[in-house]
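Worksheet: one structure, shown below.
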Amino acid sequence: MGCMASMRTGLAVVTATCLTALGASASLPQSASTPGPLALRAAKILTCAQEGPQVVDQGVVLIRDGKIEAIERARGFTVPAGYEVIDLGERWLAPGFIDLHCHEAGYSLYSQINDLNDVVYLTNPGLRASVAAKPGVFSMRRAVAGGVTSVLYIPGSGSNIGGAGVLLKTGFHRFEENLIRDPGSMKLAQWGNPESWTIGVGMTFEHWNTRNTIRRGLAYAKRWREFEESGGAEPERNIQFDIFRDLLAKRTQVSTHTQMYQVVLMTLTMIRGEFELDVYLDHSSIGGWLAAEMARDMGVPAIVGPRSVDPATRGMIEWARNGHEGFRGLAAGYQERGMTEIGFNTDSPVIAQEQLHVNAAMAVRYGMNEVGLESVRGLTIVPARAAGIDHLVGSLEVGKQADILVTTGHPADPRTSMERVYIEGRVVYDAERDGRQW
Amino acid sequence: MKLLKMLPFLSTALVGLAWFGAPAHAYALQDDEAEAEDEEAEDEDESDAWYAIVGGDVYTGTGAVLRGATVLSKNGKIKEIGHDLFLPEGTEKLDARGMRVYPGLVALSASSRLTKGLFQAEPEPDFDPHLGVDNLHPDGRANAHLDTGNEEYDEVADIPTDADVLVEGQLLRQEIADSFDPFSQYLVLALSTGITTAEQSDTPVKLKRDEIKDVDMGPKNVYSLNFSLSNPNSRRQTREKLEKASDYLRRMKAWEAEGDKDKKEPSKKGVDMNYVRVLRGEVFAAFNANDREELLDIAHLAQRYRFRPVINGCMEGWTVASELGRAGAYAIVTPRTRSPKSEELVRPGGSSIENAAILHSHGVQVAVIPGNTSFELNGMTGRDLLHLPVEAGFAIRGGLDERAALDSITTIPARILGVDHRVGTLEAGKDMDAIITDGDLLHYQTFVQYTVVDGKLVYDKEEEIFFAHIRPRPELPALDPGEEPGEAEAVVDEEAPADEDAEEEAPPESEDDDEGEGADDQGAGEDDDGRL
């Protein structure tokens with residue numbers, strides 16, 4: 001009898017959970033294996049699609065094998081049999097955020113970026129961030145809780161070329177599962193940084209040396225291309241320059257820590273104009289927006305952060321030389337000059353990894369126009385395109401990986417809670433299940 | 001428009017001249033009469049400064065929201081809040097139609113740069129203007145000169161008497177008032193954020209602009225105690241001093257109860273009067289504590305000696321929230337604090353985004369400060385004193401309700417500073433410290449358009465270089481085109497069509513804000529305006 005009573009209580013609890021939780025939290029996939037087909041129903045879906053509607057109100061997303069199978073208006077749409085329907089009620093869906101400037105996807109004994117900033121020479125194209133990556137570290141767990149599902153883990157700016165970055169998902173526990181692409185980029189830092197070489201080495205030499213390294217690297221890559229295309233004697237392998245084979249074949253990009261007008265010009269004219277490599281402006285602050293028209297015309301995106309304004313204060317106003325009194329929003333500066341590809345980064349740990357969205361919010365606060373959902377696009381599709389992974393992630397579109405955020409409202413708003421995060425259709429964070437992390 | 005705005009000032013000035021020109025005996029007579037008169041007569045005194053914020057949605061901070069209402073002040077004190085108010089002749093009016101009116105914000109732990117500005121003492125050695133580092137050293141080295149280094153001597157010599165406490169407090173207030181820079185750009189930046197009261201060295205300071213009169217709002221309301229686990233000596237001393245103060249108060253009570261005035265008053269020897277004041281409830285006892293064990297200890301200490309602790313940091317407060325709630329604690333938290341739990345610990349710990357919400361739900365009074373309580377002017381945004389409401393927004397992310405989030409940057413810090421009878425909410429009798437915003441204060445996009453301190457306009461976004469170029473404020477049709485005092489009644493409904501245009505241009509509300517301002521609210525404001 002007593003046993004019966006307790007059983008009944010148990011059942012009641014289970015029922016209550018089902019009713020009050022976000023739909024079917026009791027049946028959440030807990031294992032790492034790919035779950036069965038899912039249908040997520042939500043009040044608002046921010047697709048961030050390149051074409052078609054940006055927002056679907058009262059919509060359904062079908063997910064199968066970790067990929068998005070369909071996005072439809074819920075009204076009049078019948079979910080096919082065999083799909084687990086999760087009704088998220090008033091929640092919103094958005095694509096997972098992408099941070100193209102992360103130093104926190106690993107952890108060494110001494111500090112987060114200790115393993116990443118080996119300043120051997122002034123240019124070190126042979127070094128790889130991937131060797132320092134560690135899945136599941138605190139900052140990556142926090143990243144997931146903050147909706148950051150992909151990061152470019154890159155070397156620091158201690159030298160002009162710090163090495164190869166690696167593009168990773170944030171939520172899984174094995175490197176192979178997280179790996180999106182290696183090399184994710186070649187990290188270039190132009191003047192202003194690198195800190196370790198600033199004394200005794202000036203702009204003229206740094207630019208000469210960078211140009212020299214890239215020229216030699218590309219010559220090496222071209223020898224290999226010729227060998228692969230037309231045969232002949234196999235060129236001698238030089239692991240310092242292997243990354244240039246990826247750059248030449250447009251399999252990866254140059255992520256350039258650049259700032260200030262004249263340095264941004266150098267990035268554009270040298271990397272894009274002279275060497276014709278795929279490149280994006282990273283940081284791109286301190287008056288860099290003055291070169292926005294040129295960047296736009298050359299098809300070079302700007303990934304802005306961790307700074308979001310050029311303030312009018314002693315020191316800075318002289319440094320930026322933007323002739324602007326007042327707090328000049330950087331994203332607004334690019335936008336006013338016709339730039340459409342504006343993204344955001346954290347330079348984590350400079351800004352905590354999970355706070356990527358704050359930079360989008362601040363961009364809007366300081367003047368960025370948001371009518372086309374620019375703040376959310378800058379967290380998703382813009383960085384995906386810049387890094388050449390927009391065929392995989394960056395928007396909610398059919399065929400892309402199901403990296404989906406479930407939120408209580410506008411994803412950039414500091415007040416919005418991240419309720420659940422899917423990466424490739426798997427729940428990697430659930431505020432109710434895991435306790436709210438951020 | 002400008003000139004018209006000046007009219008009340010001009011008329012006041014003229015009246016002033018007239019007064020001085022009057023025969024001395026008449027002046028005295030008038031004065032005596034005024035004293036004898038009731039309030040209504042006072043209302044008619046033409047030297048009074050009347051100020052009205054007209055037609056905004058007034059978020060009083062007491063829970064009440066008055067749509068399209070007017071806040072009227074006299075000589076810097078709120079006289080009335082409501083609809084259809086009678087505005088005396090010569091009232092200066094600020095048009096807040098289509099905007100929101102909130103109480104001025106109260107910033108705890110604010111950098112001394114805020115009020116010292118150019119009078120800031122020479123920087124600490126590790127001060128770096130580019131990094132925006134607060135030059136108050138984290139270990140409080142600025143006060144190092146108070147210690148002799150001789151522990152025994154310090155223990156005896158540093159026990160302050162009543163007089164010491166008084167003098168020390170006065171000196172501090174004098175120092176703050178003397179070093180107040182009323183023209184500092186940091187002051188204007190704080191006003192641009194909506195901060196009208198700030199803590200400087202535990203002392204409440206009114207952020208007046210272009211004047212230094214009455215910036216000192218009173219004595220410090222907290223006394224710092226050290227009960228850190230890492231400092232056993234301080235813990236012992238704190239406990240001993242509390243015990244002695246408690247014992248003294250018991251003896252004093254017994255002596256008073258006995259009523260024998262010939263009997264000698266209980267000795268104060270070895271009694272630290274600061275601790276006596278804590279136990280008498282005259283000041284709060286403040287602690288810096290984050291660790292769960294420390295927080296529990298403080299809660300127990302507070303309950304044993306019956307005082308209310310103010311706990312700065314309180315990072316693991318969410319794990320012991322009910323104990324802190326029972327101890328009547330105040331918590332000063334930074335919702336974005338980020339510190340993982342030590343891997344060695346089995347118990348829950350570390351920072352939590354839900355800290356503020358959990359503490360609040362257990363009855364702890366929660367105040368919010370940003371991670372950087374100075375001005376970050378290196379281009380980073382969103383986490384310094386200029387983004388105090390954004391930090392409160394992160395408490396909402398963790399589950400705190402919007403009302404409590406507003407309280408956490410207004411009335412709760414005002415209570416901690418002991419000035420909640422003057423600031424923190426908009427209520428009749430309190431100081432006319434109000435901010436007018438273009439939307440929900442806690443939305444990241446919202447800017448403060450005007451700041452009013454003690455019934456004077458001290459910040460206008462359009463008139464300062466900092467933010468004027470960002471979403472410029474749309475020009476509204478004149479509040480009352482007649483503008484001549486007394487003639488306003490003639491103008492009633494002509495504004496209606498133009499007003500609708502203005503509404504379209506108003507900055508967007510937060511998308512998940514369910515109390516959006518509809519056309520009806522605007523309409524209500526109009527009616528008021530018509531009757532002014």
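Note on naming: chains are A, B, ... as they come in the structure tokens, residues start from 1 per chain, ligands start from 1 in the order shown.
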
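For stretch 274-280 of chain A, the set of protein, DNA and RNA residues having any atom at most 9 Å away, when counting only C-alpha atoms and skipping those fewer than 6 positions along the same chain, is Ile214, Arg215, Leu218, Leu247, Leu248, Lys250, Thr252, Gln253, Val254, Ser255, Thr256, His257, Thr267, Leu268, Gly299, Val300, Pro301, Ala302, Ile303, Ala386 and Ala387 of chain A.
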
#### Entry: Exercise answer, chain A residues close to chain B, 9 Å and only C-alpha atoms, as a PyMOL selection string
chain A and resi 138+285-286+305-316+325-329+351-352+358-359+361-362+364-368+408-410+413-418+436-438

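When atom CA of B:Val71 is paired with atom CA of B:Ile53, their separation reads 5.1 Å.
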
### Task
Taking the DSSP assignment computed from this structure's backbone, write out as a PyMOL selection string all residues of stretch 244-281 of chain B that belong to helix (DSSP H, G or I).
chain B and resi 244-258+273-280

### Message
Which residues are near B:Leu66? Cut-off 9 Å, only C-alpha atoms, ignore same chain within fewer than 2 positions. Put them as number ranges by chain.
### Response
B: 56-60, 64, 68-70, 81-83

Output N, CA and C atoms for every residue in the selection just made, as a PDB file, in the first residue's frame.
```pdb
ATOM      1  N   GLY B  56       5.820  62.737 -19.058  1.00  0.00           N
ATOM      2  CA  GLY B  56       6.515  61.460 -19.226  1.00  0.00           C
ATOM      3  C   GLY B  56       5.801  60.347 -18.485  1.00  0.00           C
ATOM      4  N   ASP B  57       6.216  59.105 -18.798  1.00  0.00           N
ATOM      5  CA  ASP B  57       5.721  57.975 -18.018  1.00  0.00           C
ATOM      6  C   ASP B  57       6.617  57.873 -16.796  1.00  0.00           C
ATOM      7  N   VAL B  58       6.042  58.111 -15.632  1.00  0.00           N
ATOM      8  CA  VAL B  58       6.855  58.249 -14.433  1.00  0.00           C
ATOM      9  C   VAL B  58       6.968  56.911 -13.706  1.00  0.00           C
ATOM     10  N   TYR B  59       8.169  56.366 -13.687  1.00  0.00           N
ATOM     11  CA  TYR B  59       8.462  55.137 -12.943  1.00  0.00           C
ATOM     12  C   TYR B  59       8.999  55.578 -11.587  1.00  0.00           C
ATOM     13  N   THR B  60       8.116  55.591 -10.615  1.00  0.00           N
ATOM     14  CA  THR B  60       8.466  56.231  -9.352  1.00  0.00           C
ATOM     15  C   THR B  60       9.486  55.430  -8.551  1.00  0.00           C
ATOM     16  N   ALA B  64       4.663  52.159  -8.445  1.00  0.00           N
ATOM     17  CA  ALA B  64       3.670  52.879  -9.235  1.00  0.00           C
ATOM     18  C   ALA B  64       4.280  53.403 -10.526  1.00  0.00           C
ATOM     19  N   GLY B  68       2.136  59.473 -18.614  1.00  0.00           N
ATOM     20  CA  GLY B  68       1.909  60.853 -19.014  1.00  0.00           C
ATOM     21  C   GLY B  68       1.698  61.788 -17.840  1.00  0.00           C
ATOM     22  N   ALA B  69       2.480  61.611 -16.814  1.00  0.00           N
ATOM     23  CA  ALA B  69       2.283  62.396 -15.594  1.00  0.00           C
ATOM     24  C   ALA B  69       3.335  63.490 -15.466  1.00  0.00           C
ATOM     25  N   THR B  70       3.184  64.296 -14.443  1.00  0.00           N
ATOM     26  CA  THR B  70       4.092  65.405 -14.211  1.00  0.00           C
ATOM     27  C   THR B  70       4.706  65.272 -12.821  1.00  0.00           C
ATOM     28  N   ILE B  81       3.477  64.549  -7.536  1.00  0.00           N
ATOM     29  CA  ILE B  81       3.568  63.755  -8.763  1.00  0.00           C
ATOM     30  C   ILE B  81       2.152  63.372  -9.152  1.00  0.00           C
ATOM     31  N   GLY B  82       1.799  63.591 -10.395  1.00  0.00           N
ATOM     32  CA  GLY B  82       0.459  63.175 -10.786  1.00  0.00           C
ATOM     33  C   GLY B  82       0.006  63.825 -12.066  1.00  0.00           C
ATOM     34  N   HIS B  83      -1.269  63.690 -12.314  1.00  0.00           N
ATOM     35  CA  HIS B  83      -1.873  64.276 -13.505  1.00  0.00           C
ATOM     36  C   HIS B  83      -2.586  65.568 -13.121  1.00  0.00           C
TER      37      HIS B  83
END
```
